[in-house]
$ cat query_3.cif   # mmCIF, C-alpha atoms
data_protein
loop_
_atom_site.label_atom_id
_atom_site.label_comp_id
_atom_site.auth_asym_id
_atom_site.auth_seq_id
_atom_site.Cartn_x
_atom_site.Cartn_y
_atom_site.Cartn_z
CA MET B 1 -8.47 -21.59 -9.85
CA ASN B 2 -9.72 -19.19 -7.23
CA SER B 3 -13.50 -18.98 -7.12
CA LYS B 4 -13.44 -15.66 -5.27
CA SER B 5 -12.55 -12.45 -7.09
CA VAL B 6 -9.62 -10.35 -5.85
CA ALA B 7 -8.71 -6.75 -6.62
CA LEU B 8 -5.11 -5.70 -5.97
CA VAL B 9 -4.92 -2.06 -4.82
CA MET B 10 -1.44 -0.51 -4.89
CA VAL B 11 -0.42 3.07 -4.11
CA THR B 12 2.79 4.49 -5.58
CA TYR B 13 4.75 7.72 -5.30
CA ASN B 14 8.12 8.38 -7.00
CA ARG B 15 9.51 4.84 -6.62
CA LEU B 16 9.42 3.66 -10.21
CA GLU B 17 12.06 0.93 -9.97
CA LEU B 18 10.49 -0.54 -6.84
CA LEU B 19 7.05 -0.31 -8.46
CA LYS B 20 8.25 -2.27 -11.50
CA GLY B 21 9.47 -5.10 -9.29
CA ALA B 22 6.36 -5.06 -7.12
CA LEU B 23 4.01 -5.32 -10.10
CA GLU B 24 6.13 -8.14 -11.57
CA THR B 25 5.55 -10.17 -8.39
CA ILE B 26 1.81 -9.59 -8.82
CA PHE B 27 1.89 -10.85 -12.40
CA GLN B 28 3.73 -13.96 -11.14
CA GLN B 29 1.20 -14.93 -8.45
CA MET B 30 0.26 -18.62 -8.46
CA THR B 31 -3.34 -17.51 -7.97
CA PRO B 32 -3.89 -14.61 -10.37
CA VAL B 33 -5.63 -11.47 -9.19
CA ASP B 34 -8.69 -10.46 -11.17
CA GLY B 35 -8.04 -6.73 -11.27
CA ILE B 36 -4.95 -4.61 -10.57
CA PHE B 37 -5.65 -1.03 -9.54
CA VAL B 38 -2.71 1.37 -9.20
CA ILE B 39 -3.07 4.81 -7.67
CA ASN B 40 -0.26 7.08 -8.84
CA ASN B 41 0.14 9.80 -6.22
CA HIS B 42 1.27 12.45 -8.73
CA SER B 43 4.73 10.89 -9.25
CA THR B 44 7.29 12.92 -11.21
CA ASP B 45 9.77 10.13 -12.02
CA GLY B 46 8.27 8.61 -15.17
CA THR B 47 5.75 6.43 -13.34
CA GLU B 48 2.79 7.70 -15.35
CA ALA B 49 4.39 6.88 -18.71
CA TYR B 50 5.50 3.44 -17.50
CA LEU B 51 2.03 2.56 -16.24
CA GLU B 52 0.45 3.74 -19.49
CA THR B 53 2.68 1.31 -21.39
CA LEU B 54 1.86 -1.48 -18.96
CA THR B 55 -1.91 -1.06 -19.35
CA LYS B 56 -1.52 -1.93 -23.04
CA GLU B 57 0.08 -5.26 -22.08
CA HIS B 58 -2.30 -6.18 -19.24
CA SER B 59 -6.04 -5.79 -19.81
CA ASN B 60 -6.78 -6.20 -16.09
CA LEU B 61 -4.48 -3.32 -15.04
CA PHE B 62 -6.21 -0.03 -14.29
CA VAL B 63 -4.44 3.22 -13.37
CA LYS B 64 -5.62 6.44 -11.75
CA ASN B 65 -3.14 9.32 -11.96
CA LEU B 66 -3.90 11.82 -9.20
CA THR B 67 -3.19 15.53 -9.60
CA LYS B 68 -1.57 15.77 -6.16
CA ASN B 69 0.02 13.50 -3.57
CA VAL B 70 -2.71 12.50 -1.10
CA GLY B 71 -0.47 10.18 0.92
CA GLY B 72 -0.85 6.46 1.46
CA ALA B 73 -4.15 6.90 3.31
CA GLY B 74 -5.69 9.00 0.55
CA GLY B 75 -4.28 6.65 -2.06
CA PHE B 76 -5.80 3.52 -0.55
CA ASN B 77 -9.09 5.33 -0.05
CA ALA B 78 -9.12 6.32 -3.73
CA GLY B 79 -7.88 2.88 -4.81
CA MET B 80 -10.64 0.95 -3.08
CA LYS B 81 -13.24 3.30 -4.58
CA PHE B 82 -11.60 2.91 -7.99
CA ALA B 83 -11.69 -0.90 -7.79
CA TYR B 84 -15.27 -0.92 -6.53
CA GLN B 85 -16.42 1.20 -9.47
CA GLU B 86 -15.12 -1.48 -11.84
CA HIS B 87 -16.54 -4.47 -9.91
CA ASP B 88 -17.59 -5.33 -6.37
CA TYR B 89 -14.84 -7.86 -5.68
CA ASP B 90 -14.93 -10.56 -2.99
CA PHE B 91 -11.59 -9.30 -1.66
CA TYR B 92 -9.45 -6.16 -1.87
CA TRP B 93 -5.72 -6.82 -1.48
CA LEU B 94 -3.96 -3.64 -0.30
CA MET B 95 -0.26 -3.26 -0.86
CA ASP B 96 2.55 -0.69 -0.95
CA ASP B 97 4.70 -0.15 -4.05
CA ASP B 98 7.75 -1.59 -2.27
CA THR B 99 6.03 -4.84 -1.31
CA TYR B 100 7.18 -8.00 -3.08
CA PRO B 101 4.86 -10.95 -2.33
CA SER B 102 6.11 -14.50 -2.82
CA GLU B 103 4.43 -16.44 -5.63
CA THR B 104 2.15 -18.23 -3.17
CA ALA B 105 1.29 -15.19 -0.99
CA LEU B 106 -2.23 -14.72 -2.32
CA THR B 107 -2.85 -18.47 -2.55
CA ALA B 108 -2.06 -18.79 1.17
CA LEU B 109 -4.37 -15.90 2.08
CA LEU B 110 -7.26 -17.41 0.15
CA LYS B 111 -6.61 -20.83 1.66
CA ALA B 112 -6.80 -19.24 5.13
CA ASP B 113 -10.15 -17.70 4.18
CA GLN B 114 -11.56 -21.24 3.83
CA GLU B 115 -10.63 -21.95 7.47
CA ILE B 116 -12.40 -18.90 8.90
CA GLU B 117 -15.99 -17.83 9.19
CA ASN B 118 -16.91 -14.16 8.89
CA VAL B 119 -13.50 -13.01 7.65
CA GLY B 120 -12.64 -9.33 8.01
CA PHE B 121 -8.99 -9.01 7.02
CA LEU B 122 -6.01 -11.33 6.58
CA SER B 123 -2.43 -10.09 6.94
CA SER B 124 0.74 -11.56 5.43
CA ASP B 125 4.01 -12.26 7.21
CA VAL B 126 6.10 -9.18 6.33
CA VAL B 127 9.86 -9.74 6.17
CA TRP B 128 12.76 -7.50 5.22
CA ASN B 129 15.30 -8.06 2.45
CA ASP B 130 17.33 -10.45 4.63
CA GLY B 131 14.30 -12.45 5.79
CA THR B 132 14.09 -10.92 9.27
CA PRO B 133 10.77 -9.47 10.53
CA VAL B 134 10.11 -5.87 9.48
CA LYS B 135 10.07 -3.68 12.59
CA MET B 136 7.56 -1.13 11.29
CA ASN B 137 4.95 -3.71 10.25
CA VAL B 138 4.36 -5.65 13.48
CA PRO B 139 0.67 -6.56 13.87
CA VAL B 140 -1.22 -6.40 17.17
CA VAL B 141 -2.64 -9.75 18.27
CA SER B 142 -6.19 -10.13 19.56
CA ASP B 143 -7.09 -11.09 23.11
CA VAL B 144 -7.82 -14.65 21.97
CA TRP B 145 -5.08 -15.04 19.36
CA ASN B 146 -4.33 -18.76 19.33
CA ASP B 147 -7.64 -20.43 18.45
CA LYS B 148 -6.32 -21.35 14.99
CA VAL B 149 -2.60 -21.29 15.63
CA GLN B 150 -2.23 -24.96 14.61
CA ALA B 151 -3.26 -23.88 11.12
CA GLY B 152 -0.64 -21.12 11.09
CA LEU B 153 -3.20 -18.42 11.82
CA VAL B 154 -2.90 -15.85 14.62
CA GLY B 155 -5.84 -13.68 15.66
CA LEU B 156 -5.28 -9.95 15.11
CA LYS B 157 -6.62 -6.62 16.31
CA SER B 158 -4.71 -4.67 13.69
CA GLY B 159 -2.36 -5.16 10.77
CA SER B 160 -0.45 -3.34 8.05
CA PHE B 161 -1.41 -2.21 4.56
CA VAL B 162 1.90 -3.64 3.33
CA SER B 163 -0.18 -6.73 2.51
CA MET B 164 -3.74 -6.90 3.78
CA LEU B 165 -6.61 -8.83 2.19
CA ILE B 166 -9.96 -7.23 3.08
CA SER B 167 -13.29 -8.96 2.59
CA ARG B 168 -16.18 -7.44 0.71
CA ALA B 169 -18.37 -7.76 3.82
CA ALA B 170 -15.89 -5.79 5.94
CA PHE B 171 -15.44 -3.19 3.21
CA HIS B 172 -19.18 -2.54 3.03
CA LYS B 173 -19.77 -2.55 6.79
CA VAL B 174 -16.91 -0.40 8.14
CA GLY B 175 -16.33 1.88 5.17
CA LEU B 176 -13.10 3.18 3.68
CA PRO B 177 -9.70 4.09 5.15
CA ILE B 178 -9.66 7.65 6.45
CA LYS B 179 -8.00 9.69 3.70
CA GLU B 180 -7.31 12.63 6.03
CA PHE B 181 -4.75 10.53 7.94
CA PHE B 182 -2.43 11.12 4.92
CA ILE B 183 0.29 8.78 6.25
CA TRP B 184 0.94 6.65 9.34
CA GLY B 185 -1.72 4.95 11.41
CA ASP B 186 -4.32 4.66 8.65
CA ASP B 187 -3.88 0.89 8.42
CA MET B 188 -4.01 0.47 12.21
CA GLU B 189 -7.20 2.51 12.51
CA TYR B 190 -8.86 0.75 9.58
CA SER B 191 -7.93 -2.79 10.62
CA ARG B 192 -9.07 -2.12 14.19
CA ARG B 193 -12.39 -0.98 12.80
CA ILE B 194 -12.66 -4.27 10.91
CA SER B 195 -11.52 -6.60 13.70
CA LYS B 196 -14.20 -5.26 16.04
CA CYS B 197 -16.83 -6.78 13.75
CA PHE B 198 -15.05 -9.59 11.89
CA ALA B 199 -12.57 -12.43 12.43
CA SER B 200 -9.12 -11.20 11.37
CA TYR B 201 -5.88 -13.16 11.23
CA PHE B 202 -2.15 -13.15 10.51
CA VAL B 203 -1.41 -15.85 7.91
CA SER B 204 2.09 -17.26 8.46
CA ALA B 205 2.16 -19.07 5.09
CA SER B 206 1.64 -15.82 3.16
CA VAL B 207 5.04 -14.14 2.96
CA VAL B 208 5.88 -10.75 1.45
CA THR B 209 9.15 -8.82 1.40
CA HIS B 210 9.02 -5.13 2.30
CA LYS B 211 11.85 -3.50 0.35
CA THR B 212 12.48 -0.58 2.69
CA GLY B 213 15.88 1.10 2.68
CA ALA B 214 16.54 0.13 6.30
CA ASN B 215 14.76 -2.13 8.78
CA THR B 216 13.86 0.49 11.35
CA GLY B 217 10.66 1.17 13.23
CA VAL B 218 8.76 4.40 13.75
CA ASP B 219 10.79 6.11 16.49
CA ILE B 220 11.18 9.88 16.61
CA MET B 221 13.85 9.60 19.30
CA SER B 222 16.32 7.86 16.97
CA GLU B 223 15.25 9.70 13.80
CA THR B 224 18.19 11.44 12.16
CA GLY B 225 17.02 11.98 8.58
CA ASN B 226 14.54 14.28 6.91
CA ARG B 227 11.48 12.37 8.15
CA ILE B 228 11.07 14.28 11.41
CA GLN B 229 8.20 16.43 10.12
CA ARG B 230 6.28 13.27 9.17
CA TYR B 231 5.87 12.51 12.87
CA TYR B 232 3.28 15.27 12.94
CA TYR B 233 0.91 12.80 11.28
CA ASP B 234 1.97 10.00 13.62
CA ASN B 235 1.13 12.06 16.71
CA ARG B 236 -2.06 13.61 15.35
CA ASN B 237 -3.42 10.30 14.07
CA GLN B 238 -2.50 8.31 17.17
CA PHE B 239 -4.10 10.94 19.39
CA TYR B 240 -7.26 10.69 17.29
CA MET B 241 -7.31 6.90 17.76
CA ALA B 242 -6.69 7.24 21.50
CA LYS B 243 -9.54 9.76 21.86
CA LYS B 244 -11.90 7.36 20.12
CA GLN B 245 -11.25 4.84 22.91
CA GLY B 246 -12.35 7.34 25.55
CA PHE B 247 -11.12 10.28 27.62
CA LYS B 248 -8.76 8.17 29.74
CA GLN B 249 -6.95 6.77 26.70
CA GLY B 250 -6.66 10.25 25.20
CA LEU B 251 -5.20 11.62 28.42
CA LYS B 252 -2.87 8.65 28.71
CA PHE B 253 -1.56 9.35 25.20
CA VAL B 254 -0.89 13.03 25.98
CA ILE B 255 0.98 12.11 29.19
CA ASN B 256 3.00 9.54 27.24
CA ARG B 257 3.99 12.19 24.69
CA ILE B 258 4.95 14.71 27.39
CA SER B 259 7.14 12.03 28.92
CA LEU B 260 8.66 11.26 25.51
CA SER B 261 9.44 14.95 25.01
CA PHE B 262 11.36 15.07 28.30
CA ARG B 263 13.28 11.92 27.33
CA ILE B 264 14.21 13.52 24.01
CA LEU B 265 15.31 16.70 25.80
CA LEU B 266 17.59 14.75 28.14
CA SER B 267 18.93 12.40 25.47
CA HIS B 268 21.72 12.64 22.88
CA SER B 269 19.08 12.74 20.15
CA GLU B 270 19.62 15.10 17.21
CA LYS B 271 17.36 18.09 16.50
CA LYS B 272 15.68 17.89 19.91
CA LEU B 273 13.62 21.07 19.70
CA GLU B 274 12.36 20.24 16.21
CA LYS B 275 11.22 16.81 17.39
CA ILE B 276 9.48 18.15 20.49
CA GLY B 277 7.81 20.86 18.40
CA VAL B 278 6.49 18.26 15.95
CA ILE B 279 5.07 16.17 18.81
CA PHE B 280 3.11 19.05 20.30
CA LYS B 281 2.03 20.34 16.90
CA GLY B 282 0.56 16.89 16.22
CA ILE B 283 -1.19 16.74 19.60
CA TRP B 284 -2.66 20.22 19.14
CA ALA B 285 -3.98 19.29 15.69
CA GLY B 286 -5.33 16.04 17.13
CA ILE B 287 -7.60 17.95 19.51
CA PHE B 288 -9.61 19.24 16.55
CA PHE B 289 -9.03 16.33 14.13
CA ASN B 290 -12.32 14.49 13.61
CA PRO B 291 -12.59 13.21 10.03
CA LYS B 292 -15.78 11.62 8.74
CA ILE B 293 -15.65 7.95 7.74
CA GLU B 294 -16.78 7.39 4.15
CA TYR B 295 -18.88 4.40 3.14
CA VAL B 296 -18.61 3.01 -0.35
CA ASP B 297 -22.36 2.33 -0.52
CA ASP B 298 -22.90 6.07 -0.20
CA GLU B 299 -21.14 6.46 -3.55
CA LYS B 300 -23.99 4.79 -5.41
#

$ encode --input "query_3.cif" --output "structure tokens"
Amino acid sequence: MNSKSVALVMVTYNRLELLKGALETIFQQMTPVDGIFVINNHSTDGTEAYLETLTKEHSNLFVKNLTKNVGGAGGFNAGMKFAYQEHDYDFYWLMDDDTYPSETALTALLKADQEIENVGFLSSDVVWNDGTPVKMNVPVVSDVWNDKVQAGLVGLKSGSFVSMLISRAAFHKVGLPIKEFFIWGDDMEYSRRISKCFASYFVSASVVTHKTGANTGVDIMSETGNRIQRYYYDNRNQFYMAKKQGFKQGLKFVINRISLSFRILLSHSEKKLEKIGVIFKGIWAGIFFNPKIEYVDDEK
């Protein structure tokens, strides 16, 4: 039995069937979680009714139904606050509603915790439906990444909210995810904040399946669907992160995006002008984007 308490924080929006499967994998964990906290981002597909039924079957399941969609970033921000109000857990396990952890995923994360001093966050190995690595959830390794590689642990600078176990100490020190990010980049910014102060690792033995429709990365050049406008958040949020590293990094990001715009213009990419417009709209917004980091201790 795990001696450390764990809160599972999951954000969902209009993916009821995926949510059902994801929660089932949580109920089947070899090491049970102590509390399950689901943030429903104002879904309109029957999610609220389903979750209400489920709370009657599971006394450790808590649901917050939001009155509007605040994105993944806002959802995880609200979810960590929600869990903290119930109990100050040793760990907060963040996860998307299309993440299916193996039965031993949490067990492996907690075992890794015993190997590390001053843990900040631990990330699972995220695979796609066919077992191949998920392209959009590739972590960034730290400068000294192989000090515990024999134990199946790789040092990280940043990871993904698809499955990230965050320590209480990190949660209290660095604050909450930035809700204003809405989507894209919130997990990178938050995990970078943590890894600057705490030891953070990729745990190869902890495996989760990310049930995305296709195994594609975040690439506006090849985007053909209706997600083009979402890249506004990608550009705004990445520019914000670059600025935080200094003027040179901010300038480097802008030059990179100008170069990308020319490559799009000269390519066979669809909807070229829309894509270029979204890039510059995001950069312009990023100039003025300076959200305040919230700290959970300020809530009390």

$ resolve_selection --input "query_3.cif" --expression "the PyMOL selection byres ((chain B and resi 270) around 8)" --output "compact mmCIF listing (two decimals) with C-alpha atoms, in the frame of the given file"
# COMPACT_ATOMS: atom_id res chain seq x y z
CA SER B 222 16.32 7.86 16.97
CA GLU B 223 15.25 9.70 13.80
CA THR B 224 18.19 11.44 12.16
CA HIS B 268 21.72 12.64 22.88
CA SER B 269 19.08 12.74 20.15
CA LYS B 271 17.36 18.09 16.50
CA LYS B 272 15.68 17.89 19.91

$ closest_residue --input "query_3.cif" --among "B:Ala22, B:Ile279, B:Val174, B:Ile194" --to "B:Asp219" --atoms "only C-alpha atoms"
B:Ile279

$ axis_aligned_box --input "query_3.cif" --around "stretch 100-104 of chain B" --padding-each-side "8 Å" --output "JSON"
{"center_x": 4.7, "center_y": -13.1, "center_z": -4.0, "size_x": 21.0, "size_y": 26.2, "size_z": 19.3}

$ resolve_selection --input "query_3.cif" --expression "the PyMOL selection byres ((chain B and resi 187) around 9)" --output "list in words"
Ala73, Ser158, Gly159, Ser160, Phe161, Val162, Pro177, Trp184, Gly185, Asp186, Met188, Glu189, Tyr190, Ser191 and Arg192 of chain B

$ atom_distance --input "query_3.cif" --atom1 "atom CA of B:Ile220" --atom2 "atom CA of B:Phe262"
12.8 Å

$ atom_distance --input "query_3.cif" --atom1 "atom CA of B:Gly175" --atom2 "atom CA of B:Leu51"
28.2 Å

$ residues_around --input "query_3.cif" --residues "B:Ile39" --least-positions-apart "4" --cutoff "9 Å" --atoms "all atoms listed in the file" --output "list of chain:residue names"
B:Val9, B:Met10, B:Val11, B:Thr12, B:Tyr13, B:Phe62, B:Val63, B:Lys64, B:Asn65, B:Leu66, B:Gly75, B:Phe76, B:Ala78, B:Gly79, B:Phe82

$ resolve_selection --input "query_3.cif" --expression "the PyMOL selection byres ((chain B and resi 154) around 7)" --output "MDAnalysis selection string"
chainID B and resid 145:146 148:149 152:153 155:156 201:203

$ atom_distance --input "query_3.cif" --atom1 "atom CA of B:Phe37" --atom2 "atom CA of B:Asp98"
15.3 Å

$ residues_around --input "query_3.cif" --residues "B:Val207" --least-positions-apart "4" --cutoff "10 Å" --atoms "only C-alpha atoms" --output "compact mmCIF listing (two decimals) with C-alpha atoms, in the frame of the given file"
# COMPACT_ATOMS: atom_id res chain seq x y z
CA TYR B 100 7.18 -8.00 -3.08
CA PRO B 101 4.86 -10.95 -2.33
CA SER B 102 6.11 -14.50 -2.82
CA GLU B 103 4.43 -16.44 -5.63
CA THR B 104 2.15 -18.23 -3.17
CA ALA B 105 1.29 -15.19 -0.99
CA LEU B 106 -2.23 -14.72 -2.32
CA ALA B 108 -2.06 -18.79 1.17
CA LEU B 109 -4.37 -15.90 2.08
CA SER B 123 -2.43 -10.09 6.94
CA SER B 124 0.74 -11.56 5.43
CA ASP B 125 4.01 -12.26 7.21
CA VAL B 126 6.10 -9.18 6.33
CA VAL B 127 9.86 -9.74 6.17
CA GLY B 131 14.30 -12.45 5.79
CA SER B 163 -0.18 -6.73 2.51
CA VAL B 203 -1.41 -15.85 7.91

$ residues_around --input "query_3.cif" --residues "B:Leu16" --least-positions-apart "3" --cutoff "9 Å" --atoms "all atoms listed in the file" --output "list in words"
Thr12, Tyr13, Leu19, Lys20, Gly21, Ser43, Asp45, Gly46, Thr47, Tyr50 and Asp97 of chain B

$ closest_residue --input "query_3.cif" --among "B:Asn237, B:Asn129, B:Thr25, B:Ser142" --to "B:Ser200" --atoms "only C-alpha atoms"
B:Ser142

$ residues_around --input "query_3.cif" --residues "stretch 286-293 of chain B" --least-positions-apart "2" --cutoff "6 Å" --atoms "all atoms listed in the file" --output "JSON, numbers by chain"
{"B": [236, 239, 240, 283, 284]}

$ write_last_selection --input "query_3.cif" --atoms "C-alpha atoms" --output "PDB file, in the frame of the given file"
ATOM      1  CA  ARG B 236      -2.060  13.610  15.350  1.00  0.00           C
ATOM      2  CA  PHE B 239      -4.100  10.940  19.390  1.00  0.00           C
ATOM      3  CA  TYR B 240      -7.260  10.690  17.290  1.00  0.00           C
ATOM      4  CA  ILE B 283      -1.190  16.740  19.600  1.00  0.00           C
ATOM      5  CA  TRP B 284      -2.660  20.220  19.140  1.00  0.00           C
TER       6      TRP B 284
END

$ closest_residue --input "query_3.cif" --among "B:Ile116, B:Leu176, B:Ile255, B:Leu61" --to "B:Ile26" --atoms "all atoms listed in the file"
B:Leu61

$ build_atoms --input "query_3.cif" --residues "stretch 273-286 of chain B" --atoms "N, CA, C and O atoms" --output "compact mmCIF listing (two decimals), in the frame of the given file"
# COMPACT_ATOMS: atom_id res chain seq x y z
N LEU B 273 14.71 20.10 19.67
CA LEU B 273 13.62 21.07 19.70
C LEU B 273 12.66 20.87 18.53
O LEU B 273 11.44 21.04 18.67
N GLU B 274 13.21 20.51 17.37
CA GLU B 274 12.36 20.24 16.21
C GLU B 274 11.45 19.04 16.48
O GLU B 274 10.25 19.07 16.18
N LYS B 275 12.01 18.02 17.09
CA LYS B 275 11.22 16.81 17.39
C LYS B 275 10.12 17.11 18.40
O LYS B 275 8.97 16.69 18.22
N ILE B 276 10.47 17.82 19.45
CA ILE B 276 9.48 18.15 20.49
C ILE B 276 8.38 19.04 19.89
O ILE B 276 7.19 18.87 20.19
N GLY B 277 8.79 19.98 19.05
CA GLY B 277 7.81 20.86 18.40
C GLY B 277 6.84 20.08 17.53
O GLY B 277 5.63 20.36 17.53
N VAL B 278 7.34 19.08 16.81
CA VAL B 278 6.49 18.26 15.95
C VAL B 278 5.50 17.46 16.79
O VAL B 278 4.32 17.32 16.43
N ILE B 279 5.95 16.93 17.92
CA ILE B 279 5.07 16.17 18.81
C ILE B 279 3.90 17.02 19.28
O ILE B 279 2.73 16.61 19.18
N PHE B 280 4.19 18.22 19.76
CA PHE B 280 3.11 19.05 20.30
C PHE B 280 2.24 19.66 19.20
O PHE B 280 1.05 19.89 19.41
N LYS B 281 2.82 19.88 18.05
CA LYS B 281 2.03 20.34 16.90
C LYS B 281 1.01 19.26 16.52
O LYS B 281 -0.15 19.56 16.22
N GLY B 282 1.45 17.99 16.54
CA GLY B 282 0.56 16.89 16.22
C GLY B 282 -0.54 16.73 17.25
O GLY B 282 -1.71 16.50 16.90
N ILE B 283 -0.19 16.86 18.54
CA ILE B 283 -1.19 16.74 19.60
C ILE B 283 -2.22 17.86 19.49
O ILE B 283 -3.43 17.62 19.62
N TRP B 284 -1.75 19.08 19.26
CA TRP B 284 -2.66 20.22 19.14
C TRP B 284 -3.63 20.00 17.99
O TRP B 284 -4.85 20.21 18.13
N ALA B 285 -3.12 19.55 16.85
CA ALA B 285 -3.98 19.29 15.69
C ALA B 285 -4.96 18.16 16.00
O ALA B 285 -6.11 18.18 15.55
N GLY B 286 -4.50 17.18 16.78
CA GLY B 286 -5.33 16.04 17.13
C GLY B 286 -6.55 16.40 17.97
O GLY B 286 -7.56 15.68 17.96
